[in-house]
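S.K.: One structure, pasted below without further comment.
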Amino acid sequence: MSKTVEFWYDVMSPAAYLAYWELKNIVQRTDAIVDYQPMLLGGVFKATGNQTPINIAPKGKWMLFDMANYARKYGIPLKMNPFFIFNSMPLMRGAIIAQQRHELELYNDTIFNGIWRQEKNLGDPEVIAQTLTTAGLDATAYVEGVQQQEVKDALILNTNLAVEKGVFGAPTFFVGEKMWWGQDRLDWVEQELAV
């Protein structure tokens with residue numbers, strides 16, 4: 001029987017981007033299933049007292065070096081977006097809509113690549129709409145949907161659930177009750193999935 005890995009993420013995290021693509025390789029090797037869990041990283045930071053490493057200059061500089069090393073290791077293109085950091089709330093609400101429309105993987109592919117490969121300003125609603133349309137997604141449904149209260153509430157609920165489970169950053173993985181934080185822990189995730 002296939003195991004499931006929960007993947008808690010926010011598209012604004014370059015580590016989540018790397019993990020997202022490497023996780024695709026891991027699930028092929030282990031026959032696992034990914035349960036994608038969108039959350040608002042800013043909400044998690046606020047609830048846990050955490051912050052982005054970018055706010056601490058030496059740590060932020062090291063993080064960019066580390067991300068580049070892992071991108072080479074995984075064979076995944078990574079460009080540091082010149083618009084980083086922008087508000088990911090509309091994009092993460094979009095992930096909730098994509099879940100509801102059963103097109104989350106295409107949405108994730110499109111948004112992660114838009115930020116971390118194509119260096120798009122996905123903090124701009126017009127750029128978001130154009131990017132979604134180019135990918136074959138219904139941009140109108142997303143642009144209108146992110147304003148719906150049920151979508152807003154769903155993202156808040158997921159973010160609160162993440163915090164309740166012990167999440168303090170992105171990406172975070174759960175296999176059963178075991179939790180790992182950071183794309184650099186994927187070896188442990190893969191070992192657990194392979195058991």
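Identifiers for the structure tokens are assigned positionally: chains receive A, B, ... in sequence, residues are indexed from 1 per chain, and ligands are indexed from 1 in the order shown.
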So which residues touch range 42-55 of chain A within 10 Å, counting only C-alpha atoms, skipping near sequence neighbours fewer than 6 positions away, as a list in words?

M.R.: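 Close residues of range 42-55 of chain A: Asp10, Met12, Ser13, Lys61, Trp62, Met63, Leu64, Phe84, Ile85, Asn87, Ser88, Met89, Leu155, Ile156, Thr159, Asn160, Leu161, Ala162, Val163, Glu164, Gly166, Val167, Phe168, Gly169 and Ala170 of chain A.
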
S.K.: As number ranges by chain, please: every residue in range 2-185 of chain A that DSSP puts in alpha helix (DSSP H).

M.R.: A: 14-30, 41-48, 57-74, 89-100, 104-116, 125-134, 139-145, 149-165

S.K.: Please list as a PyMOL selection string every residue within 12 Å of range 115-130 of chain A, counting only C-alpha atoms and excluding residues in the same chain fewer than 2 positions away.

M.R.: chain A and resi 10-18+20-21+67-68+71+76-92+94+107-113+132-144+146

S.K.: Could you please determine the separation between CA of Leu40 in chain A and CA of Phe7 in chain A in Å, to one decimal place?

M.R.: 13.2 Å

S.K.: Choose the residue, out of A:Ala57, A:Ala32, A:Ala154, A:Ala19, that has the smallest atom-to-atom separation from Met1 in chain A; count only C-alpha atoms.

M.R.: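 Under the stated criterion, the closest residue is A:Ala32.
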
S.K.: From range 96-195 of chain A, collect each residue whose DSSP state is strand (DSSP E) and return the set as a list in words.

M.R.: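 Output for range 96-195 of chain A, strand (DSSP E) only: Thr172, Phe173, Phe174, Val175, Lys178, Met179, Trp180 and Trp181 of chain A.
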
S.K.: Using only C-alpha atoms, which of the listed residues (A:Asp153, A:Gln148, A:Glu103, A:Val5) sits closest to Trp188 in chain A?

M.R.: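 Of all the options, A:Val5 lies closest to Trp188 in chain A.
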
S.K.: Tell me, in Å to one decimal, how far CA of Asp66 in chain A is from CA of Val27 in chain A.

M.R.: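 That distance, rounded to one decimal, is 23.5 Å.
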
S.K.: When you count only C-alpha atoms, which of these residues is closest to Tyr9 in chain A: A:Gly182, A:Gly176, A:Gly60, A:Gly114?

M.R.: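 Checking each candidate against Tyr9 in chain A, we get A:Gly182 as the closest.
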
S.K.: I'd like the interatomic distance between CA of Thr4 in chain A and CA of Gly145 in chain A, to a tenth of an Å.

M.R.: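 These atoms are spaced 28.7 Å apart.
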
S.K.: When you count only C-alpha atoms, which of these residues is closest to Phe174 in chain A: A:Ala98, A:Phe65, A:Leu23, A:Trp8?

M.R.: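 Among the listed residues, A:Trp8 lies closest to Phe174 in chain A.
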
S.K.: Ranking A:Ala194, A:Val34, A:Glu6, A:Gln100 by minimum distance to Lys178 in chain A and counting only C-alpha atoms, which one comes first?

M.R.: A:Glu6
